[in-house]
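> My structure is in coords-v7.csv, and what it holds is CSV, C-alpha atoms:
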chain,number,residue,atom,x,y,z
A,8,MET,CA,16.0,24.5,12.8
A,9,PRO,CA,15.5,27.5,10.4
A,10,VAL,CA,12.6,27.2,7.9
A,11,TRP,CA,15.1,27.3,5.0
A,12,ASP,CA,16.7,24.0,5.9
A,13,ASP,CA,14.2,22.0,3.8
A,14,LEU,CA,15.1,24.0,0.7
A,15,VAL,CA,17.4,21.3,-0.7
A,16,GLY,CA,20.1,22.6,-3.0
A,17,GLN,CA,18.5,26.0,-3.2
A,18,GLU,CA,21.1,28.1,-1.4
A,19,ARG,CA,20.7,31.1,-3.7
A,20,VAL,CA,16.9,31.2,-3.4
A,21,ALA,CA,17.1,30.7,0.4
A,22,ALA,CA,19.5,33.7,0.7
A,23,GLN,CA,17.1,35.9,-1.4
A,24,LEU,CA,14.1,34.9,0.7
A,25,ASP,CA,15.9,35.4,3.9
A,26,ALA,CA,16.8,38.9,2.9
A,27,ALA,CA,13.2,39.6,1.8
A,28,ALA,CA,11.9,38.3,5.2
A,29,ARG,CA,14.3,40.7,7.0
A,30,ASP,CA,13.0,43.6,5.0
A,31,ALA,CA,9.4,42.5,5.6
A,32,ASP,CA,10.0,42.2,9.3
A,33,ALA,CA,11.6,45.7,9.5
A,34,LEU,CA,8.6,47.1,7.6
A,35,VAL,CA,6.0,45.6,9.9
A,36,THR,CA,8.0,46.5,13.0
A,37,ALA,CA,8.4,50.2,11.9
A,38,THR,CA,4.8,50.5,10.9
A,39,ALA,CA,3.6,49.1,14.3
A,40,ALA,CA,5.8,51.6,16.1
A,41,GLY,CA,4.6,54.5,14.0
A,42,GLU,CA,8.1,55.1,12.7
A,43,PRO,CA,8.8,56.2,9.2
A,44,VAL,CA,9.7,53.4,6.8
A,45,ALA,CA,13.0,54.1,5.1
A,46,ASP,CA,12.5,51.9,2.0
A,47,ALA,CA,9.2,50.1,1.8
A,48,SER,CA,9.8,49.2,-1.8
A,49,LYS,CA,12.1,46.4,-0.6
A,50,MET,CA,9.1,44.3,0.3
A,51,THR,CA,7.5,42.7,-2.7
A,52,HIS,CA,3.8,41.8,-2.4
A,53,ALA,CA,3.7,39.2,-5.2
A,54,TRP,CA,6.2,36.4,-5.8
A,55,LEU,CA,6.4,33.7,-8.5
A,56,PHE,CA,8.3,30.5,-7.7
A,57,THR,CA,9.2,28.4,-10.8
A,58,GLY,CA,11.3,25.3,-11.2
A,59,PRO,CA,11.1,21.7,-12.5
A,60,PRO,CA,8.8,19.2,-10.7
A,61,GLY,CA,10.4,18.1,-7.4
A,62,SER,CA,12.6,21.2,-7.1
A,63,GLY,CA,10.6,22.3,-4.0
A,64,ARG,CA,8.6,25.3,-5.3
A,65,ALA,CA,5.8,24.8,-2.7
A,66,THR,CA,8.4,24.1,0.1
A,67,ALA,CA,10.1,27.4,-0.7
A,68,ALA,CA,6.8,29.3,-0.7
A,69,ARG,CA,5.7,27.8,2.6
A,70,ALA,CA,9.1,28.5,4.2
A,71,PHE,CA,8.8,32.1,3.2
A,72,ALA,CA,5.3,32.3,4.5
A,73,ALA,CA,6.6,31.0,7.9
A,74,ALA,CA,9.4,33.5,7.9
A,75,LEU,CA,6.9,36.4,7.2
A,76,GLN,CA,4.9,35.3,10.3
A,77,CYS,CA,7.9,34.6,12.6
A,78,VAL,CA,7.4,36.1,16.1
A,79,SER,CA,10.7,34.9,17.6
A,80,PRO,CA,12.0,37.3,20.3
A,81,ASP,CA,15.5,36.8,18.8
A,82,ARG,CA,14.5,39.2,16.0
A,83,ALA,CA,14.8,42.1,18.4
A,84,LEU,CA,18.4,41.1,19.0
A,85,GLY,CA,19.3,41.0,15.3
A,86,GLY,CA,18.2,37.4,14.6
A,87,ALA,CA,16.7,36.6,11.3
A,88,PRO,CA,13.0,35.8,11.0
A,89,GLY,CA,12.2,32.2,10.1
A,90,CYS,CA,13.5,30.5,13.3
A,91,GLY,CA,11.3,27.4,12.7
A,92,PHE,CA,10.4,27.1,16.4
A,93,CYS,CA,8.1,30.0,17.3
A,94,ASP,CA,4.3,29.8,17.1
A,95,GLY,CA,4.2,31.8,13.9
A,96,CYS,CA,6.7,29.5,12.1
A,97,HIS,CA,5.3,26.3,13.4
A,98,THR,CA,1.6,27.0,12.6
A,99,SER,CA,2.5,28.3,9.2
A,100,LEU,CA,4.5,25.2,8.3
A,101,VAL,CA,1.8,22.7,9.5
A,102,GLY,CA,-1.0,24.6,7.9
A,103,THR,CA,-2.9,25.9,10.9
A,104,HIS,CA,-2.0,29.6,10.9
A,105,ALA,CA,-5.0,31.8,10.6
A,106,ASP,CA,-3.3,34.2,8.2
A,107,VAL,CA,-1.7,31.7,5.9
A,108,GLU,CA,-3.9,30.2,3.2
A,109,VAL,CA,-2.3,27.3,1.3
A,110,VAL,CA,-4.2,26.5,-1.9
A,111,ARG,CA,-3.5,23.3,-3.8
A,112,THR,CA,-5.9,21.5,-6.1
A,113,ASP,CA,-6.5,17.8,-6.8
A,114,MET,CA,-8.7,18.9,-9.8
A,115,LEU,CA,-7.7,19.5,-13.4
A,116,SER,CA,-8.0,23.3,-13.0
A,117,ILE,CA,-8.7,26.2,-10.6
A,118,GLY,CA,-11.8,28.1,-11.7
A,119,VAL,CA,-13.2,31.6,-11.3
A,120,LYS,CA,-15.4,30.8,-8.3
A,121,GLU,CA,-12.4,29.5,-6.2
A,122,THR,CA,-10.2,32.4,-7.3
A,123,ARG,CA,-12.8,35.0,-6.4
A,124,GLU,CA,-12.9,33.6,-2.9
A,125,LEU,CA,-9.1,33.9,-2.6
A,126,VAL,CA,-9.2,37.5,-3.8
A,127,ARG,CA,-11.9,38.3,-1.3
A,128,ARG,CA,-9.8,36.8,1.5
A,129,ALA,CA,-6.7,38.7,0.3
A,130,GLN,CA,-8.5,42.0,1.0
A,131,LEU,CA,-8.8,41.3,4.7
A,132,SER,CA,-6.3,42.5,7.3
A,133,PRO,CA,-4.3,39.9,9.2
A,134,ALA,CA,-6.3,38.3,11.9
A,135,GLY,CA,-3.4,38.0,14.3
A,136,GLY,CA,-0.3,37.5,12.3
A,137,ARG,CA,2.1,40.0,10.7
A,138,TRP,CA,0.9,39.4,7.1
A,139,GLN,CA,-2.0,37.9,5.2
A,140,VAL,CA,-0.3,35.3,3.0
A,141,ILE,CA,-1.9,33.4,0.1
A,142,VAL,CA,0.2,30.4,-1.2
A,143,LEU,CA,-1.1,29.2,-4.6
A,144,GLU,CA,0.8,26.0,-5.2
A,145,ASP,CA,-0.8,25.3,-8.6
A,146,ALA,CA,-0.9,28.7,-10.3
A,147,ASP,CA,-0.3,26.9,-13.6
A,148,ARG,CA,-3.8,25.3,-13.3
A,149,LEU,CA,-5.7,28.6,-13.2
A,150,THR,CA,-8.1,28.9,-16.1
A,151,GLU,CA,-7.9,32.0,-18.2
A,152,GLY,CA,-10.9,33.5,-16.5
A,153,ALA,CA,-9.5,32.7,-13.1
A,154,GLY,CA,-6.2,34.3,-14.1
A,155,ASN,CA,-7.9,37.5,-15.0
A,156,VAL,CA,-9.7,37.5,-11.7
A,157,LEU,CA,-6.4,37.1,-9.9
A,158,LEU,CA,-4.7,39.8,-11.9
A,159,LYS,CA,-6.4,42.8,-10.2
A,160,ALA,CA,-5.5,41.4,-6.7
A,161,VAL,CA,-1.9,40.9,-7.6
A,162,GLU,CA,-1.7,44.2,-9.4
A,163,GLU,CA,-3.1,46.2,-6.4
A,164,PRO,CA,-2.7,44.0,-3.3
A,165,ALA,CA,-3.8,45.1,0.2
A,166,PRO,CA,-1.0,46.7,2.2
A,167,ARG,CA,-0.4,43.6,4.4
A,168,THR,CA,-1.1,40.9,1.9
A,169,VAL,CA,1.5,38.7,0.1
A,170,TRP,CA,0.8,36.4,-2.9
A,171,LEU,CA,3.1,33.5,-3.3
A,172,LEU,CA,2.5,31.7,-6.7
A,173,CYS,CA,4.1,28.4,-7.8
A,174,ALA,CA,4.3,27.1,-11.3
A,175,PRO,CA,6.7,24.9,-13.4
A,176,SER,CA,7.8,27.8,-15.7
A,177,LEU,CA,7.0,31.4,-16.5
A,178,GLU,CA,5.1,30.3,-19.6
A,179,ASP,CA,2.6,28.5,-17.4
A,180,VAL,CA,1.4,31.8,-15.9
A,181,LEU,CA,-0.4,34.7,-17.7
A,182,PRO,CA,2.1,37.3,-18.9
A,183,THR,CA,0.1,40.0,-17.2
A,184,ILE,CA,0.4,38.2,-13.8
A,185,ARG,CA,4.1,37.2,-14.1
A,186,SER,CA,5.1,40.7,-15.0
A,187,ARG,CA,3.8,41.9,-11.7
A,188,CYS,CA,5.6,39.3,-9.6
A,189,ARG,CA,9.1,39.0,-8.3
A,190,HIS,CA,10.5,35.8,-9.9
A,191,LEU,CA,12.6,33.1,-8.3
A,192,THR,CA,13.8,30.1,-10.2
A,193,LEU,CA,14.6,26.9,-8.4
A,194,ARG,CA,16.7,24.1,-9.8
A,195,THR,CA,16.6,20.3,-9.5
A,196,PRO,CA,18.6,19.4,-6.4
A,197,SER,CA,21.4,16.9,-6.6
A,198,VAL,CA,20.8,13.2,-6.0
A,199,GLN,CA,23.1,13.3,-3.0
A,200,ALA,CA,21.3,16.3,-1.5
A,201,VAL,CA,17.9,14.5,-1.8
A,202,ALA,CA,19.3,11.3,-0.3
A,203,ASP,CA,20.7,13.3,2.7
A,204,LEU,CA,17.3,14.9,3.2
A,205,LEU,CA,15.6,11.6,3.3
A,206,ILE,CA,18.1,10.2,5.8
A,207,ARG,CA,18.0,13.3,8.0
A,208,ARG,CA,14.3,14.2,8.0
A,209,ASP,CA,12.5,10.9,7.3
A,210,GLY,CA,14.9,8.5,9.0
A,211,ILE,CA,15.2,6.3,5.8
A,212,GLU,CA,18.1,3.8,5.6
A,213,PRO,CA,21.0,5.4,3.7
A,214,GLU,CA,21.1,2.8,0.9
A,215,VAL,CA,17.4,2.9,0.3
A,216,ALA,CA,17.5,6.8,0.3
A,217,ARG,CA,20.3,6.8,-2.3
A,218,THR,CA,18.6,4.3,-4.5
A,219,ALA,CA,15.3,6.3,-4.4
A,220,ALA,CA,17.0,9.6,-5.0
A,221,ARG,CA,19.0,8.2,-7.9
A,222,ALA,CA,15.9,6.6,-9.5
A,223,THR,CA,13.9,9.9,-9.4
A,224,GLN,CA,16.9,12.1,-10.4
A,225,GLY,CA,16.4,14.6,-7.6
A,226,HIS,CA,12.6,14.8,-7.4
A,227,ILE,CA,12.1,15.1,-3.6
A,228,ASP,CA,8.5,14.0,-3.3
A,229,ARG,CA,8.8,11.1,-5.7
A,230,ALA,CA,12.0,10.0,-3.9
A,231,ARG,CA,10.3,10.0,-0.6
A,232,ARG,CA,7.3,8.0,-1.9
A,233,LEU,CA,9.6,5.5,-3.6
A,234,ALA,CA,11.6,5.0,-0.5
A,235,THR,CA,8.5,4.5,1.8
A,236,ASP,CA,5.8,2.9,-0.4
A,237,GLU,CA,6.2,-0.7,-1.6
A,238,ARG,CA,3.4,-0.3,-4.1
A,239,ALA,CA,5.2,2.6,-5.7
A,240,ARG,CA,8.3,0.5,-6.1
A,241,ALA,CA,6.3,-2.4,-7.6
A,242,ARG,CA,4.6,-0.1,-10.1
A,243,ARG,CA,7.9,1.4,-11.2
A,244,ALA,CA,9.4,-2.0,-11.6
A,245,ALA,CA,6.5,-3.0,-13.9
A,246,VAL,CA,7.0,0.2,-16.0
A,247,LEU,CA,10.7,-0.6,-16.5
A,248,LYS,CA,9.8,-4.0,-18.0
A,249,LEU,CA,7.8,-2.3,-20.8
A,250,PRO,CA,10.7,-1.7,-23.2
A,251,MET,CA,11.3,-5.4,-23.3
A,252,ARG,CA,7.7,-6.2,-24.2
A,253,VAL,CA,7.2,-4.1,-27.3
A,254,GLU,CA,8.8,-6.4,-29.8
A,255,GLU,CA,5.4,-7.5,-31.1
A,256,ILE,CA,2.0,-5.8,-31.5
A,257,GLY,CA,0.3,-8.0,-28.9
A,258,GLY,CA,2.9,-7.1,-26.3
A,259,CYS,CA,2.5,-3.4,-27.1
A,260,LEU,CA,-1.3,-3.5,-26.6
A,261,ARG,CA,-1.1,-5.6,-23.4
A,262,ALA,CA,1.6,-3.3,-21.9
A,263,ALA,CA,-0.5,-0.2,-22.7
A,264,GLN,CA,-3.6,-1.7,-21.1
A,265,GLU,CA,-1.6,-2.6,-18.0
A,266,LEU,CA,-0.3,1.0,-17.7
A,267,ILE,CA,-3.9,2.3,-17.9
A,268,ASP,CA,-5.2,-0.3,-15.4
A,269,ALA,CA,-2.4,0.6,-12.9
A,270,ALA,CA,-3.3,4.3,-13.2
A,271,ALA,CA,-7.0,3.6,-12.7
A,272,GLU,CA,-6.1,1.5,-9.6
A,273,ASP,CA,-4.2,4.5,-8.2
A,274,ALA,CA,-7.3,6.7,-8.7
A,275,LYS,CA,-9.5,4.1,-7.1
A,276,GLN,CA,-7.3,3.9,-4.0
A,277,VAL,CA,-7.4,7.6,-3.6
A,278,ALA,CA,-11.2,7.6,-4.1
A,279,GLU,CA,-11.6,4.9,-1.5
A,280,GLU,CA,-9.6,6.9,1.0
A,281,ILE,CA,-11.2,10.3,0.5
A,282,ASP,CA,-14.5,10.1,-1.3
A,283,THR,CA,-16.4,8.0,1.3
A,284,LYS,CA,-15.3,10.3,4.1
A,285,GLU,CA,-16.2,13.4,2.1
A,286,THR,CA,-19.6,12.1,1.3
A,287,GLU,CA,-20.5,11.0,4.8
A,288,GLU,CA,-19.3,14.4,6.2
A,289,LEU,CA,-21.5,16.3,3.7
A,290,LYS,CA,-24.5,14.1,4.5
A,291,ALA,CA,-24.1,14.8,8.2
A,292,ALA,CA,-23.7,18.5,7.6
A,293,LEU,CA,-26.9,18.5,5.5
A,294,GLY,CA,-28.8,16.7,8.2
A,295,ALA,CA,-29.2,13.3,6.6
A,296,ALA,CA,-31.9,11.2,8.4
A,297,GLN,CA,-31.3,7.8,9.9
A,298,GLY,CA,-30.7,5.3,7.1
A,299,GLY,CA,-29.1,7.9,4.8
A,300,ARG,CA,-32.2,9.6,3.5
A,301,MET,CA,-31.4,13.1,2.4
A,302,PRO,CA,-33.5,16.2,3.2
A,303,ARG,CA,-35.4,17.8,0.3
A,304,GLY,CA,-33.4,20.3,-1.8
A,305,THR,CA,-30.0,18.8,-1.2
A,306,ALA,CA,-29.7,16.8,-4.4
A,307,GLY,CA,-27.8,19.6,-6.1
A,308,VAL,CA,-25.2,19.8,-3.4
A,309,MET,CA,-24.6,16.1,-3.5
A,310,LYS,CA,-24.3,16.2,-7.3
A,311,GLU,CA,-21.7,18.9,-7.1
A,312,LEU,CA,-19.6,16.8,-4.7
A,313,GLU,CA,-19.9,13.8,-7.1
A,314,ASP,CA,-18.7,15.9,-10.0
A,315,LYS,CA,-15.8,17.2,-7.9
A,316,GLN,CA,-14.8,13.6,-7.0
A,317,LYS,CA,-15.1,12.5,-10.6
A,318,ARG,CA,-12.7,15.3,-11.7
A,319,ARG,CA,-10.3,14.4,-8.9
A,320,ARG,CA,-10.2,10.7,-10.0
A,321,THR,CA,-9.5,11.9,-13.6
A,322,ARG,CA,-6.6,14.0,-12.5
A,323,THR,CA,-5.2,11.2,-10.2
A,324,GLN,CA,-5.3,8.8,-13.1
A,325,ARG,CA,-3.6,11.2,-15.4
A,326,ASP,CA,-0.9,12.1,-12.8
A,327,SER,CA,-0.2,8.4,-12.1
A,328,LEU,CA,0.0,7.7,-15.9
A,329,ASP,CA,2.3,10.7,-16.4
A,330,LEU,CA,4.6,9.5,-13.6
A,331,ALA,CA,4.9,6.1,-15.4
A,332,LEU,CA,5.8,7.9,-18.6
A,333,VAL,CA,8.5,9.9,-16.8
A,334,ASP,CA,10.0,6.7,-15.5
A,335,LEU,CA,9.9,5.3,-19.0
A,336,THR,CA,11.7,8.4,-20.4
A,337,ALA,CA,14.4,8.0,-17.7
A,338,PHE,CA,14.9,4.4,-18.9
A,339,TYR,CA,15.6,5.5,-22.5
A,340,ARG,CA,17.7,8.4,-21.3
A,341,ASP,CA,19.9,5.8,-19.6
A,342,VAL,CA,20.0,3.8,-22.8
A,343,LEU,CA,21.1,6.9,-24.7
A,344,ALA,CA,23.8,7.6,-22.1
A,345,LEU,CA,25.3,4.1,-22.6
A,346,GLN,CA,25.1,4.4,-26.4
A,347,LEU,CA,27.0,7.7,-26.4
A,348,GLY,CA,29.5,6.7,-23.8
A,349,SER,CA,28.4,9.4,-21.4
A,350,GLN,CA,29.7,9.6,-17.9
A,351,VAL,CA,26.3,10.7,-16.6
A,352,ALA,CA,25.2,8.5,-13.6
A,353,LEU,CA,22.4,6.1,-14.6
A,354,ALA,CA,19.1,6.3,-12.9
A,355,ASN,CA,18.0,2.7,-13.3
A,356,THR,CA,21.0,0.6,-12.3
A,357,GLU,CA,18.7,-2.2,-11.1
A,358,VAL,CA,17.8,-3.0,-14.7
A,359,ARG,CA,21.3,-2.6,-16.1
A,360,ASP,CA,21.0,-5.9,-18.1
A,361,ALA,CA,18.0,-4.6,-20.0
A,362,LEU,CA,19.7,-1.2,-20.6
A,363,ASP,CA,22.8,-2.9,-22.0
A,364,ARG,CA,20.7,-5.2,-24.3
A,365,ILE,CA,18.7,-2.3,-25.8
A,366,ALA,CA,21.8,0.0,-26.0
A,367,LEU,CA,23.7,-2.6,-28.0
A,368,GLY,CA,20.8,-3.6,-30.2
A,369,THR,CA,19.7,-0.2,-31.3
A,370,SER,CA,21.2,3.2,-32.4
A,371,PRO,CA,21.1,6.5,-30.6
A,372,GLU,CA,18.8,7.8,-33.3
A,373,THR,CA,16.3,5.1,-32.5
A,374,THR,CA,16.5,5.9,-28.8
A,375,LEU,CA,15.8,9.6,-29.5
A,376,ARG,CA,12.8,8.7,-31.6
A,377,ARG,CA,11.5,6.6,-28.7
A,378,ILE,CA,11.9,9.4,-26.3
A,379,GLU,CA,10.0,11.7,-28.7
A,380,SER,CA,7.2,9.1,-28.8
A,381,ILE,CA,6.8,9.2,-25.0
A,382,ALA,CA,6.9,13.1,-25.1
A,383,ALA,CA,4.2,13.0,-27.8
A,384,CYS,CA,2.1,10.7,-25.6
A,385,ARG,CA,2.4,13.1,-22.6
A,386,THR,CA,1.3,16.0,-24.9
A,387,ALA,CA,-1.7,14.0,-26.2
A,388,LEU,CA,-2.8,13.2,-22.6
A,389,ASP,CA,-2.5,16.9,-21.7
A,390,ARG,CA,-4.8,17.6,-24.6
A,391,ASN,CA,-7.5,15.2,-23.3
A,392,VAL,CA,-6.9,12.4,-25.8
A,393,ALA,CA,-8.4,9.1,-24.6
A,394,PRO,CA,-5.6,7.6,-22.3
A,395,LEU,CA,-5.8,4.1,-23.8
A,396,LEU,CA,-5.5,5.4,-27.4
A,397,ALA,CA,-2.6,7.7,-26.5
A,398,VAL,CA,-0.6,5.0,-24.7
A,399,GLU,CA,-1.3,2.3,-27.3
A,400,ALA,CA,-0.1,4.7,-30.0
A,401,MET,CA,3.1,5.3,-28.0
A,402,ALA,CA,3.7,1.6,-27.4
A,403,VAL,CA,3.4,0.9,-31.1
A,404,SER,CA,5.7,3.8,-31.9
A,405,LEU,CA,8.3,2.3,-29.5
A,406,ARG,CA,8.1,-0.9,-31.5
A,407,ARG,CA,8.4,0.8,-34.9
A,408,ALA,CA,11.4,2.8,-33.8
A,409,ARG,CA,13.8,-0.1,-34.2
Let me see whether you can do it: turn the structure in this file into structure tokens.

Amino acid sequence: MPVWDDLVGQERVAAQLDAAARDADALVTATAAGEPVADASKMTHAWLFTGPPGSGRATAARAFAAALQCVSPDRALGGAPGCGFCDGCHTSLVGTHADVEVVRTDMLSIGVKETRELVRRAQLSPAGGRWQVIVLEDADRLTEGAGNVLLKAVEEPAPRTVWLLCAPSLEDVLPTIRSRCRHLTLRTPSVQAVADLLIRRDGIEPEVARTAARATQGHIDRARRLATDERARARRAAVLKLPMRVEEIGGCLRAAQELIDAAAEDAKQVAEEIDTKETEELKAALGAAQGGRMPRGTAGVMKELEDKQKRRRTRTQRDSLDLALVDLTAFYRDVLALQLGSQVALANTEVRDALDRIALGTSPETTLRRIESIAACRTALDRNVAPLLAVEAMAVSLRRAR
């Protein structure tokens, strides 16, 4: 199966990447044979993948990385790189290829220290593959200092190094960096395309797959999680009850607290799964004595790990809370569609009674104000406003907009 098959609804992007992979393959083959390269400019050494959440930016970048490392013998017979079966493709896709570095962060940002290490690696020649590929899945989380560090490497890359940056939009990346990248825009895939992927690749029952794809409006990762995780379905069901609970102040405050508690529980679960293992592994690496006593001089290293874990819990909580707000926005978007008589398919058909009740009892202007309140809450959270205060303010605004 070619590496492009997982690019759901991205036929145009897949065609561009396939052509670029062919050019890159021809360039490496000609260079290895000592032959003159007719048009080396066809190969771009820095790429920027943008698109809405769930569109598959990171999937496209990893697929391109696999195609660049493809060693299928069919290439000599005119076959396209990116077969999906050879050692180069397989190891790139599963994350074990020595010359493909995939960088994703579970922190709030990517700092200068981590970026300098990436730049150092990017200067190395491929250890065994055809290219040295750096996939930066969260380029939008680079601090300004980290972006300036990255700029020089993107501006003057090593001859066999390729940077693949992913971000939601062009505005999320420094202008000096994006101006030096070839830009590809991905779109939100259709609900049916996402459902077909869940059925084909994950073996999910067709009805469950269609329900999850419709509920998430084409967000691939969220659809997969909703279809396979009972806890995710329970949390979403709780969020969709919130619009019916904001008719009085007490209900607003209780609903806000429950949203915060649910996000904190998500962060706690991630911490329980990861933090303990990380801590024990670090203690073993530092030579902890029997009973857990640490060697002298290791307190600073342990403190650094604790700070990292604390930042990860903060981001996990924010991401979980933001996901709840996205679901809430989708609810009011359905209400607005009913009020305006739109033929757009509803995302939340399982709560159709609540949608009808609110649509009949309020005006489209009220619904728009409520959607704006949710957007304002998301902005406040992004600016580090205390989560409980931001969500309480949003809940009260939902009540007032009647």
> Report as JSON lines: every residue of region 76-164 of chain A with an atom at most 7 Å from region 181-193 of chain A, its closest pair of atoms, and their distance in Å to one decimal, counting all atoms listed in the file, with rows sorted by chain and ascending residue number.

{"residue": "A:Gly154", "atom": "CA", "partner": "A:Leu181", "partner_atom": "CA", "distance": 6.8}
{"residue": "A:Leu158", "atom": "CA", "partner": "A:Ile184", "partner_atom": "CA", "distance": 5.7}
{"residue": "A:Glu162", "atom": "CA", "partner": "A:Arg187", "partner_atom": "CA", "distance": 6.4}
> So that I have them on file, write out the residues from the current selection with C-alpha atoms, as a PDB file, keeping the file's coordinate frame.

ATOM      1  CA  GLY A 154      -6.200  34.300 -14.100  1.00  0.00           C
ATOM      2  CA  LEU A 158      -4.700  39.800 -11.900  1.00  0.00           C
ATOM      3  CA  GLU A 162      -1.700  44.200  -9.400  1.00  0.00           C
TER       4      GLU A 162
END
> Using all atoms listed in the file, I'd like a table of the residues in region 97-151 of chain A that come within 12 Å of region 8-23 of chain A; for each, show the closest atom pair and its distance in Å rounded to one decimal, ordered by chain and ascending number, as CSV.

residue,atom,partner,partner_atom,distance
A:His97,CA,A:Val10,CA,9.2
A:Thr98,CA,A:Val10,CA,12.0
A:Ser99,CA,A:Val10,CA,10.2
A:Leu100,CA,A:Val10,CA,8.4
A:Val101,CA,A:Val10,CA,11.8
> Set the distance at 12 Å and use all atoms listed in the file: which residues neighbour Arg385 (chain A) once local chain neighbours fewer than 5 positions away are removed? I'd like the list as a short mmCIF file (atom, residue, chain, number, x, y, z; two decimals) with C-alpha atoms, keeping the file's coordinate frame.

data_model
loop_
_atom_site.label_atom_id
_atom_site.label_comp_id
_atom_site.auth_asym_id
_atom_site.auth_seq_id
_atom_site.Cartn_x
_atom_site.Cartn_y
_atom_site.Cartn_z
CA ARG A 325 -3.60 11.20 -15.40
CA ASP A 326 -0.90 12.10 -12.80
CA SER A 327 -0.20 8.40 -12.10
CA LEU A 328 0.00 7.70 -15.90
CA ASP A 329 2.30 10.70 -16.40
CA LEU A 330 4.60 9.50 -13.60
CA ALA A 331 4.90 6.10 -15.40
CA LEU A 332 5.80 7.90 -18.60
CA VAL A 333 8.50 9.90 -16.80
CA LEU A 335 9.90 5.30 -19.00
CA THR A 336 11.70 8.40 -20.40
CA ILE A 378 11.90 9.40 -26.30
CA GLU A 379 10.00 11.70 -28.70
CA SER A 380 7.20 9.10 -28.80
CA ARG A 390 -4.80 17.60 -24.60
CA ASN A 391 -7.50 15.20 -23.30
CA VAL A 392 -6.90 12.40 -25.80
CA ALA A 393 -8.40 9.10 -24.60
CA PRO A 394 -5.60 7.60 -22.30
CA ALA A 397 -2.60 7.70 -26.50
CA VAL A 398 -0.60 5.00 -24.70
CA ALA A 400 -0.10 4.70 -30.00
CA MET A 401 3.10 5.30 -28.00
#
> Nearest to Lys310 (chain A) among A:Leu266, A:Leu289, A:Val78, A:Met114, with distances taken over only C-alpha atoms: which residue is it?
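Using only C-alpha atoms, Lys310 (chain A) sits closest to A:Leu289.
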> What is the CA of Leu395 (chain A) to CA of Pro60 (chain A) distance in Å?
24.8 Å
> Counting only C-alpha atoms, write as a list in words all protein and nucleic acid residues lying at most 12 Å from (8.3, 3.6, -4.3) in the file's frame.
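Every polymer residue passing the test: Val215, Ala216, Thr218, Ala219, Ala220, Ala222, Thr223, Asp228, Arg229, Ala230, Arg231, Arg232, Leu233, Ala234, Thr235, Asp236, Glu237, Arg238, Ala239, Arg240, Ala241, Arg242, Arg243, Ala244, Ala245, Leu330, Ala331 and Asp334 of chain A.
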